[in-house]
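J.: File name protein_4.cif; file contents mmCIF, C-alpha atoms; full text below.
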data_final
loop_
_atom_site.label_atom_id
_atom_site.label_comp_id
_atom_site.auth_asym_id
_atom_site.auth_seq_id
_atom_site.Cartn_x
_atom_site.Cartn_y
_atom_site.Cartn_z
CA MET N 1 0.00 0.00 0.00
CA LEU N 2 1.23 3.49 -0.86
CA ALA N 3 0.90 4.87 2.64
CA PRO N 4 2.91 7.77 4.02
CA LYS N 5 6.09 6.78 5.77
CA LYS N 6 6.09 7.40 9.51
CA ARG N 7 7.33 10.81 10.54
CA PRO N 8 7.09 12.90 13.72
CA HIS N 9 3.75 14.62 14.27
CA VAL N 10 3.45 17.94 12.46
CA GLY N 11 1.99 20.69 14.66
CA LEU N 12 -0.62 23.19 13.52
CA GLY N 13 1.92 25.99 13.14
CA LYS N 14 4.18 23.91 10.92
CA TRP N 15 1.17 22.64 8.94
CA MET N 16 0.15 26.21 8.15
CA GLN N 17 3.69 26.95 6.96
CA ILE N 18 3.69 23.93 4.65
CA MET N 19 0.26 24.45 3.11
CA SER N 20 -0.45 27.42 0.86
CA THR N 21 -4.06 26.34 0.31
CA GLU N 22 -6.73 24.62 2.40
CA TRP N 23 -7.11 20.86 2.16
CA PRO N 24 -10.24 19.76 0.25
CA SER N 25 -13.31 19.31 2.43
CA SER N 26 -15.10 15.98 2.80
CA GLU N 27 -17.86 17.32 0.53
CA VAL N 28 -15.34 18.09 -2.22
CA ILE N 29 -13.71 14.66 -1.82
CA LEU N 30 -17.12 13.00 -2.20
CA ARG N 31 -17.75 14.92 -5.42
CA VAL N 32 -14.33 13.85 -6.71
CA GLU N 33 -15.17 10.19 -6.04
CA GLN N 34 -18.52 10.58 -7.79
CA LEU N 35 -16.85 12.19 -10.81
CA ILE N 36 -14.26 9.40 -11.03
CA HIS N 37 -17.05 6.82 -10.88
CA ALA N 38 -18.93 8.61 -13.65
CA CYS N 39 -15.87 8.92 -15.93
CA ILE N 40 -14.05 5.65 -15.16
CA GLY N 41 -16.34 3.33 -13.24
CA PRO N 42 -16.15 1.63 -9.81
CA LEU N 43 -12.44 2.31 -9.25
CA ASP N 44 -11.18 1.20 -5.84
CA GLN N 45 -9.11 3.81 -3.98
CA TYR N 46 -6.65 3.38 -1.12
CA VAL N 47 -6.59 7.12 -0.38
CA GLN N 48 -9.40 9.65 -0.68
CA PRO N 49 -8.67 11.43 -3.97
CA THR N 50 -8.23 15.18 -4.10
CA PRO N 51 -9.50 17.15 -7.12
CA LEU N 52 -6.01 17.03 -8.64
CA ALA N 53 -5.86 13.26 -8.14
CA GLY N 54 -9.26 12.90 -9.77
CA ALA N 55 -8.13 14.87 -12.81
CA LEU N 56 -4.95 12.81 -13.19
CA GLN N 57 -6.74 9.49 -12.77
CA ILE N 58 -9.45 10.36 -15.29
CA ALA N 59 -6.86 11.60 -17.80
CA THR N 60 -4.59 8.57 -17.38
CA PHE N 61 -7.49 6.16 -17.82
CA GLN N 62 -8.62 7.92 -21.00
CA ILE N 63 -5.15 7.56 -22.55
CA MET N 64 -5.02 3.90 -21.51
CA LYS N 65 -8.32 3.35 -23.33
CA ALA N 66 -7.04 5.16 -26.41
CA HIS N 67 -3.87 3.05 -26.40
CA LEU N 68 -5.89 -0.15 -26.09
CA ALA N 69 -8.03 0.81 -29.08
CA HIS N 70 -5.12 2.04 -31.22
CA PRO N 71 -1.65 1.19 -29.83
CA GLN N 72 0.80 4.09 -29.87
CA GLN N 73 4.56 4.48 -29.55
CA GLU N 74 6.24 5.67 -26.36
CA GLU N 75 6.84 9.27 -27.43
CA GLU N 76 3.26 9.68 -28.63
CA LEU N 77 1.84 8.24 -25.40
CA THR N 78 3.95 10.54 -23.24
CA SER N 79 2.77 13.54 -25.26
CA MET N 80 -0.82 12.32 -25.02
CA LEU N 81 -0.55 12.06 -21.23
CA LEU N 82 0.71 15.63 -20.95
CA GLY N 83 -2.11 16.92 -23.12
CA ALA N 84 -4.67 14.90 -21.18
CA TYR N 85 -3.39 16.19 -17.84
CA VAL N 86 -3.62 19.80 -19.01
CA SER N 87 -7.15 19.26 -20.33
CA ALA N 88 -8.46 17.25 -17.37
CA ALA N 89 -7.02 19.63 -14.78
CA THR N 90 -8.81 22.48 -16.54
CA TRP N 91 -12.29 21.00 -16.67
CA VAL N 92 -12.24 18.88 -13.51
CA LEU N 93 -11.26 21.78 -11.26
CA GLU N 94 -13.86 23.97 -12.96
CA VAL N 95 -16.62 21.36 -12.65
CA LEU N 96 -15.82 20.87 -8.97
CA GLU N 97 -15.45 24.64 -8.51
CA SER N 98 -12.40 23.73 -6.48
CA ARG N 99 -9.62 26.07 -5.47
CA GLU N 100 -8.36 23.52 -2.97
CA SER N 101 -5.57 21.88 -4.90
CA ALA N 102 -1.85 21.44 -4.95
CA GLY N 103 0.13 22.80 -7.87
CA LEU N 104 1.31 20.50 -10.66
CA THR N 105 4.26 20.99 -13.01
CA TRP N 106 5.36 18.66 -15.80
CA GLY N 107 9.09 18.69 -16.47
CA HIS N 108 10.29 17.81 -19.96
CA HIS N 109 13.70 16.31 -20.74
CA ASN N 110 14.72 17.07 -24.31
CA LYS N 111 15.15 13.84 -26.26
CA HIS N 112 17.59 15.18 -28.85
CA GLY N 113 19.53 17.92 -27.06
CA LYS N 114 22.93 17.64 -25.40
CA SER N 115 22.29 19.83 -22.38
CA GLY N 116 22.58 18.67 -18.79
CA GLN N 117 18.78 18.48 -18.64
CA SER N 118 18.29 16.31 -21.74
CA GLU N 119 17.17 12.70 -21.72
CA GLY N 120 20.58 11.61 -22.98
CA THR N 121 22.23 13.14 -19.91
CA THR N 122 19.63 12.44 -17.21
CA GLY N 123 18.17 9.16 -18.46
CA ALA N 124 14.69 10.63 -17.88
CA ASP N 125 11.72 11.24 -20.18
CA PHE N 126 9.65 13.44 -17.88
CA SER N 127 9.37 14.57 -14.28
CA LEU N 128 6.43 15.59 -12.12
CA LEU N 129 6.35 18.14 -9.32
CA ILE N 130 3.35 18.37 -6.98
CA LYS N 131 3.66 21.52 -4.91
CA PHE N 132 1.74 21.99 -1.66
CA GLY N 133 3.38 25.22 -0.59
CA ASP N 134 6.52 27.28 -1.02
CA GLU N 135 8.38 24.96 1.34
CA PHE N 136 7.02 21.51 0.46
CA ALA N 137 6.56 19.50 -2.72
CA ARG N 138 6.67 15.92 -3.96
CA ALA N 139 8.72 14.94 -6.99
CA ALA N 140 9.10 11.90 -9.22
CA VAL N 141 11.13 11.14 -12.35
CA PHE N 142 10.08 8.77 -15.12
CA GLN N 143 11.75 6.88 -17.96
CA ALA N 144 8.93 5.68 -20.21
CA LYS N 145 9.00 2.48 -22.27
CA CYS N 146 6.36 0.72 -24.35
CA SER N 147 5.76 -2.93 -23.52
CA ASP N 148 3.76 -5.74 -25.06
CA SER N 149 3.17 -7.08 -21.56
CA ASN N 150 1.39 -5.87 -18.43
CA ASP N 151 3.98 -7.57 -16.23
CA ARG N 152 7.42 -6.77 -17.62
CA VAL N 153 9.26 -4.17 -19.68
CA PHE N 154 12.58 -4.26 -21.55
CA VAL N 155 14.75 -1.45 -20.20
CA HIS N 156 18.08 -1.65 -22.01
CA ARG N 157 19.28 1.35 -23.95
CA VAL N 158 22.71 2.94 -24.31
CA ALA N 159 22.97 6.65 -23.53
CA PRO N 160 25.14 8.82 -25.81
CA TYR N 161 28.61 10.28 -25.30
CA ARG N 162 28.76 13.58 -23.46
CA ALA N 163 31.84 15.74 -23.96
CA ALA N 164 33.33 17.54 -20.98
CA THR N 165 32.11 21.05 -20.14
CA PRO N 166 33.49 23.65 -17.71
CA LYS N 167 31.11 22.23 -15.07
CA THR N 168 30.93 18.52 -15.94
CA SER N 169 33.25 15.67 -16.79
CA ALA N 170 33.03 13.73 -20.05
CA ARG N 171 30.71 10.72 -19.99
CA LEU N 172 31.32 7.73 -22.21
CA PRO N 173 28.36 5.85 -23.68
CA GLU N 174 26.79 3.73 -20.96
CA PRO N 175 23.43 2.15 -20.11
CA GLN N 176 20.64 4.68 -19.75
CA MET N 177 19.81 3.23 -16.35
CA LEU N 178 23.20 4.32 -14.98
CA ARG N 179 22.51 7.87 -16.15
CA LEU N 180 19.15 7.78 -14.38
CA VAL N 181 20.80 6.65 -11.13
CA SER N 182 23.38 9.45 -11.35
CA HIS N 183 20.59 11.95 -12.00
CA GLY N 184 18.67 10.81 -8.93
CA LEU N 185 21.70 10.87 -6.65
CA LYS N 186 22.55 14.39 -7.80
CA ILE N 187 19.03 15.66 -7.11
CA SER N 188 18.86 14.07 -3.67
CA ALA N 189 22.47 14.99 -2.83
CA SER N 190 22.91 11.44 -1.62
CA THR N 191 24.88 8.28 -2.31
CA GLU N 192 22.11 5.94 -1.12
CA GLU N 193 20.68 4.19 -4.16
CA SER N 194 18.29 2.26 -1.91
CA LYS N 195 16.28 5.47 -1.46
CA LEU N 196 15.73 6.15 -5.17
CA ASP N 197 12.21 4.70 -5.22
CA TRP N 198 11.00 7.95 -6.84
CA LEU N 199 12.86 7.12 -10.07
CA HIS N 200 10.49 5.00 -12.13
CA TYR N 201 10.47 2.94 -15.28
CA CYS N 202 6.97 3.73 -16.52
CA ALA N 203 5.81 0.92 -18.80
CA TYR N 204 2.99 1.51 -21.25
CA GLY N 205 1.50 -1.98 -21.40
CA PRO N 206 -1.54 -3.12 -23.40
CA THR N 207 -4.01 -2.47 -20.55
CA SER N 208 -1.75 -1.23 -17.77
CA PHE N 209 0.54 1.76 -17.35
CA PHE N 210 2.72 0.50 -14.51
CA CYS N 211 5.69 2.03 -12.71
CA THR N 212 8.55 0.00 -11.27
CA PRO N 213 11.03 1.92 -9.09
CA LEU N 214 14.71 1.82 -9.90
CA THR N 215 15.34 0.33 -6.47
CA GLN N 216 14.10 -2.97 -7.92
CA ALA N 217 16.89 -3.07 -10.51
CA THR N 218 19.73 -3.86 -8.10
CA GLN N 219 21.03 -6.91 -9.99
CA THR N 220 20.73 -5.17 -13.35
CA LEU N 221 22.84 -2.30 -12.02
CA VAL N 222 25.46 -4.75 -10.73
CA ASP N 223 25.61 -6.47 -14.13
CA TYR N 224 25.87 -3.17 -15.99
CA ARG N 225 28.71 -1.96 -13.78
CA GLN N 226 30.66 -5.15 -14.28
CA THR N 227 30.48 -4.70 -18.04
CA LYS N 228 31.23 -0.98 -17.77
CA VAL N 229 34.77 -1.61 -16.48
CA SER N 230 35.95 -3.22 -19.72
CA ALA N 231 33.61 -1.18 -21.92
CA ASP N 232 35.08 2.11 -20.68
CA VAL N 233 38.61 0.94 -21.50
CA ALA N 234 37.56 0.03 -25.03
CA LEU N 235 35.59 3.26 -25.50
CA LEU N 236 38.48 5.43 -24.31
CA GLN N 237 40.73 3.78 -26.88
CA PHE N 238 38.07 4.20 -29.57
CA LEU N 239 37.77 7.88 -28.62
CA ALA N 240 41.53 8.41 -28.84
CA ASP N 241 41.70 6.72 -32.24
CA ASN N 242 38.87 8.79 -33.73
CA LEU N 243 39.23 12.26 -32.19
CA LYS N 244 39.16 14.04 -35.55
CA ASP N 245 36.18 12.13 -36.92
CA PRO N 246 33.27 14.60 -37.44
CA SER N 247 30.76 11.86 -36.65
CA LEU N 248 32.56 10.75 -33.49
CA ASP N 249 29.53 11.03 -31.18
CA GLU N 250 27.39 8.81 -33.37
CA LYS N 251 30.14 6.22 -33.82
CA LEU N 252 30.90 6.18 -30.10
CA LYS N 253 27.28 5.41 -29.29
CA LYS N 254 27.22 2.64 -31.87
CA GLU N 255 30.38 1.18 -30.37
CA GLY N 256 28.81 1.43 -26.92
CA GLY N 257 25.80 -0.49 -28.19
CA ARG N 258 28.12 -3.24 -29.42
CA LEU N 259 30.01 -3.45 -26.13
CA TYR N 260 26.79 -3.71 -24.11
CA LYS N 261 24.97 -5.99 -26.57
CA ASP N 262 24.73 -8.86 -24.07
CA HIS N 263 22.36 -6.71 -21.98
CA ARG N 264 19.70 -6.27 -24.66
CA GLY N 265 17.40 -8.63 -22.79
CA GLU N 266 17.43 -6.70 -19.51
CA VAL N 267 13.90 -6.46 -18.12
CA MET N 268 12.11 -5.14 -15.07
CA LYS N 269 9.22 -7.27 -13.87
CA ARG N 270 6.11 -6.37 -11.96
CA ASP N 271 6.44 -7.14 -8.25
CA GLU N 272 5.02 -5.95 -4.94
CA HIS N 273 6.80 -2.61 -5.37
CA THR N 274 5.24 -1.90 -8.76
CA ARG N 275 2.50 0.74 -8.83
CA GLU N 276 -0.03 1.56 -11.49
CA LEU N 277 0.67 5.07 -12.78
CA LEU N 278 -2.92 5.97 -11.97
CA HIS N 279 -2.45 4.95 -8.30
CA LEU N 280 1.01 6.50 -8.00
CA LEU N 281 -0.33 9.88 -9.11
CA ALA N 282 -3.21 9.68 -6.65
CA ALA N 283 -0.82 8.95 -3.79
CA GLY N 284 1.45 11.87 -4.59
CA SER N 285 -1.41 14.35 -4.75
CA SER N 286 -3.79 12.98 -2.09
CA PHE N 287 -1.74 12.25 1.02
CA LYS N 288 -1.40 15.34 3.17
CA PRO N 289 2.09 16.89 3.22
CA ASP N 290 2.94 15.70 6.72
CA GLY N 291 5.06 12.73 5.69
CA ASP N 292 6.86 10.91 2.91
CA VAL N 293 4.95 8.84 0.37
CA THR N 294 6.34 5.74 -1.31
CA GLY N 295 7.34 6.48 -4.89
CA TRP N 296 7.83 10.21 -4.32
CA LEU N 297 10.73 12.39 -3.19
CA SER N 298 9.81 14.96 -0.54
CA LEU N 299 11.31 18.40 -1.17
CA ARG N 300 11.20 20.37 2.08
CA THR N 301 12.68 23.76 1.19
CA ALA N 302 12.09 26.38 -1.47
CA SER N 303 15.66 25.93 -2.70
CA ALA N 304 15.18 22.16 -3.07
CA ILE N 305 12.02 22.75 -5.12
CA GLU N 306 13.77 25.31 -7.30
CA GLY N 307 16.72 22.97 -7.75
CA PHE N 308 14.45 20.19 -8.98
CA VAL N 309 12.79 22.50 -11.51
CA GLU N 310 16.23 23.46 -12.81
CA THR N 311 16.78 19.84 -13.89
CA PHE N 312 14.06 20.21 -16.58
CA SER N 313 14.77 21.13 -20.19
CA SER N 314 11.44 22.96 -20.08
CA ASP N 315 8.28 22.77 -18.02
CA VAL N 316 4.52 23.09 -18.24
CA LYS N 317 2.71 24.47 -15.20
CA ILE N 318 -0.50 22.46 -15.43
CA VAL N 319 -2.04 23.72 -12.18
CA GLU N 320 -1.02 26.77 -10.19
CA LEU N 321 -0.60 26.34 -6.45
CA ASN N 322 -3.92 28.07 -5.70
CA GLY N 323 -5.77 25.31 -7.52
CA ARG N 324 -6.43 27.19 -10.75
CA SER N 325 -5.46 25.46 -13.97
CA ALA N 326 -2.83 27.29 -15.98
CA PRO N 327 -2.61 29.66 -17.80
CA ALA N 328 -3.73 32.45 -15.50
CA PRO N 329 -7.13 34.15 -16.04
CA THR N 330 -5.55 37.32 -17.45
CA ALA N 331 -3.86 35.27 -20.15
CA GLU N 332 -7.15 33.49 -20.91
CA ALA N 333 -8.94 36.82 -21.33
CA ALA N 334 -6.24 38.08 -23.70
CA MET N 335 -6.44 34.93 -25.82
CA ILE N 336 -10.24 35.11 -25.96
CA ASN N 337 -10.09 38.74 -27.06
CA GLN N 338 -7.61 37.83 -29.79
CA LEU N 339 -9.86 35.00 -31.01
CA ASN N 340 -12.88 37.31 -31.06
CA ASP N 341 -10.96 39.96 -33.01
CA ALA N 342 -9.86 37.33 -35.52
CA LEU N 343 -13.45 36.15 -35.99
CA LYS N 344 -14.56 39.67 -36.94
CA SER N 345 -12.01 39.76 -39.76
CA TYR N 346 -13.26 36.60 -41.51
CA LYS N 347 -14.86 37.06 -44.93
CA SER N 348 -17.96 34.87 -45.11
CA PRO N 349 -21.28 35.89 -46.68
CA VAL N 350 -23.25 33.21 -44.80
CA SER N 351 -22.08 33.74 -41.24
CA SER N 352 -22.29 36.45 -38.65
CA VAL N 353 -20.62 37.13 -35.34
CA ARG N 354 -22.61 35.93 -32.33
CA PRO N 355 -21.49 37.63 -29.09
CA ALA N 356 -20.79 35.44 -26.08
CA SER N 357 -23.46 35.09 -23.42
CA PRO N 358 -23.52 38.15 -21.12
CA GLY N 359 -23.05 35.84 -18.15
CA PHE N 360 -19.72 34.48 -19.41
CA ARG N 361 -16.58 35.54 -17.56
CA PRO N 362 -13.20 34.47 -19.00
CA GLY N 363 -11.14 32.51 -16.51
CA ARG N 364 -14.05 31.90 -14.15
#
For the structure just supplied, provide its representation as structure tokens.
T.:
Amino acid sequence: MLAPKKRPHVGLGKWMQIMSTEWPSSEVILRVEQLIHACIGPLDQYVQPTPLAGALQIATFQIMKAHLAHPQQEEELTSMLLGAYVSAATWVLEVLESRESAGLTWGHHNKHGKSGQSEGTTGADFSLLIKFGDEFARAAVFQAKCSDSNDRVFVHRVAPYRAATPKTSARLPEPQMLRLVSHGLKISASTEESKLDWLHYCAYGPTSFFCTPLTQATQTLVDYRQTKVSADVALLQFLADNLKDPSLDEKLKKEGGRLYKDHRGEVMKRDEHTRELLHLLAAGSSFKPDGDVTGWLSLRTASAIEGFVETFSSDVKIVELNGRSAPAPTAEAAMINQLNDALKSYKSPVSSVRPASPGFRPGR
């Protein structure tokens, strides 16, 4: 069960410092449960879902249904999830008339760039940040993979060469999983890999989007590191022999793939630590911020939250901390005015402009 980890009792004063918005009332929670039932069906819950949790569960389920009907590739599914989260957060919070919600930010890791925030450097596809106040948030990082199974996912991939920069050392091609571990340890400022349960391989299976934490890949990491010793020696020699080759990066990655070819069958299997994405999201957004939650990293200072955001290539603020879906109302009004002005310029002999209802207020 994804229950909060035991922590000392948080007093009222500290609670008020952590929270920047009131926790949803029991009436609001009931309406969330009714909405989930209407949109999904009789979905069992292990934690009472907040409005944000309801939006994320409804959106995730809709993309799972779409994937079942017409299977998609990993990149398309990840993009579809982002779009669904933006859309669902907008209408669910409006339908519930809820301003009692944590903030939600989606962090993107550029797939083709060479920056320190790119997928090639971090080993991550996307990150999520659920913010409860200026001094507390929950974070998780995901590497997404498509799978033809609901119980296992192939995880092997070789990350590209990264040349040295004034702030970082060169990195030879190596398994993507090792990059993901390094990324997590850097964020948490720790050397304890056993606590990286907030780094997930998110598998898009036929009827299940399931997340297995990196902490369950202990043997795979051992095997990779054993191969890495000899692979690094060979790659350093290859690098020295081809320094002037204009396509060195591409050839280095290909050579890395050859050296790690015996790991192509590496898989992560569903076990008792695996969580459905739909349940993992509910846990992160529905347990009160008075303790840690399995599968999420607790960020307890404003600087820690800012530092996590700085690991993104770019980000999308899906929900502002006050519970309003982004963009802000002023931006909505400006966009609506622009659309209305454009409509007036259309040349059409059979149509006319129909003003919006007098009762409509942009950004309501």
J.: Skip Val309 in chain N itself and residues of its chain fewer than 6 positions away, then list as a count of residues only all residues within 9 Å of it, counting all atoms listed in the file.
T.: 4
J.: Take CA of Lys195 in chain N and CA of Leu77 in chain N and report the distance between them in Å, one decimal.
T.: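 Between these atoms lies a distance of 28.1 Å.
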J.: Identify, on the basis of all atoms listed in the file, every residue whose closest approach to Ile318 in chain N does not exceed 12 Å; exclude the query and any residue fewer than 3 positions from it along the same chain; express the result as number ranges by chain.
T.: N: 52, 55-56, 81-91, 93, 101-107, 128-131, 315, 321-328
J.: Return the single residue from N:Arg258, N:Arg162, N:Lys145, N:Arg300 that is closest to Ser188 in chain N, with distances computed using only C-alpha atoms.
T.: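 Of N:Arg258, N:Arg162, N:Lys145, N:Arg300, the one nearest Ser188 in chain N, counting only C-alpha atoms, is N:Arg300.
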J.: Written as a PDB file with C-alpha atoms, in the frame of the given file, what is the full residue list that the PyMOL selection byres ((chain N and resi 153) around 12) yields on the file shown?
T.:
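Result written to part.pdb:
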ATOM      1  CA  GLN N 143      11.750   6.880 -17.960  1.00  0.00           C
ATOM      2  CA  ALA N 144       8.930   5.680 -20.210  1.00  0.00           C
ATOM      3  CA  LYS N 145       9.000   2.480 -22.270  1.00  0.00           C
ATOM      4  CA  CYS N 146       6.360   0.720 -24.350  1.00  0.00           C
ATOM      5  CA  SER N 147       5.760  -2.930 -23.520  1.00  0.00           C
ATOM      6  CA  ASP N 148       3.760  -5.740 -25.060  1.00  0.00           C
ATOM      7  CA  SER N 149       3.170  -7.080 -21.560  1.00  0.00           C
ATOM      8  CA  ASN N 150       1.390  -5.870 -18.430  1.00  0.00           C
ATOM      9  CA  ASP N 151       3.980  -7.570 -16.230  1.00  0.00           C
ATOM     10  CA  ARG N 152       7.420  -6.770 -17.620  1.00  0.00           C
ATOM     11  CA  PHE N 154      12.580  -4.260 -21.550  1.00  0.00           C
ATOM     12  CA  VAL N 155      14.750  -1.450 -20.200  1.00  0.00           C
ATOM     13  CA  HIS N 156      18.080  -1.650 -22.010  1.00  0.00           C
ATOM     14  CA  HIS N 200      10.490   5.000 -12.130  1.00  0.00           C
ATOM     15  CA  TYR N 201      10.470   2.940 -15.280  1.00  0.00           C
ATOM     16  CA  CYS N 202       6.970   3.730 -16.520  1.00  0.00           C
ATOM     17  CA  ALA N 203       5.810   0.920 -18.800  1.00  0.00           C
ATOM     18  CA  TYR N 204       2.990   1.510 -21.250  1.00  0.00           C
ATOM     19  CA  GLY N 205       1.500  -1.980 -21.400  1.00  0.00           C
ATOM     20  CA  PRO N 206      -1.540  -3.120 -23.400  1.00  0.00           C
ATOM     21  CA  SER N 208      -1.750  -1.230 -17.770  1.00  0.00           C
ATOM     22  CA  PHE N 209       0.540   1.760 -17.350  1.00  0.00           C
ATOM     23  CA  PHE N 210       2.720   0.500 -14.510  1.00  0.00           C
ATOM     24  CA  CYS N 211       5.690   2.030 -12.710  1.00  0.00           C
ATOM     25  CA  THR N 212       8.550   0.000 -11.270  1.00  0.00           C
ATOM     26  CA  ALA N 217      16.890  -3.070 -10.510  1.00  0.00           C
ATOM     27  CA  ARG N 264      19.700  -6.270 -24.660  1.00  0.00           C
ATOM     28  CA  GLY N 265      17.400  -8.630 -22.790  1.00  0.00           C
ATOM     29  CA  GLU N 266      17.430  -6.700 -19.510  1.00  0.00           C
ATOM     30  CA  VAL N 267      13.900  -6.460 -18.120  1.00  0.00           C
ATOM     31  CA  MET N 268      12.110  -5.140 -15.070  1.00  0.00           C
ATOM     32  CA  LYS N 269       9.220  -7.270 -13.870  1.00  0.00           C
ATOM     33  CA  ARG N 270       6.110  -6.370 -11.960  1.00  0.00           C
ATOM     34  CA  THR N 274       5.240  -1.900  -8.760  1.00  0.00           C
TER      35      THR N 274
END
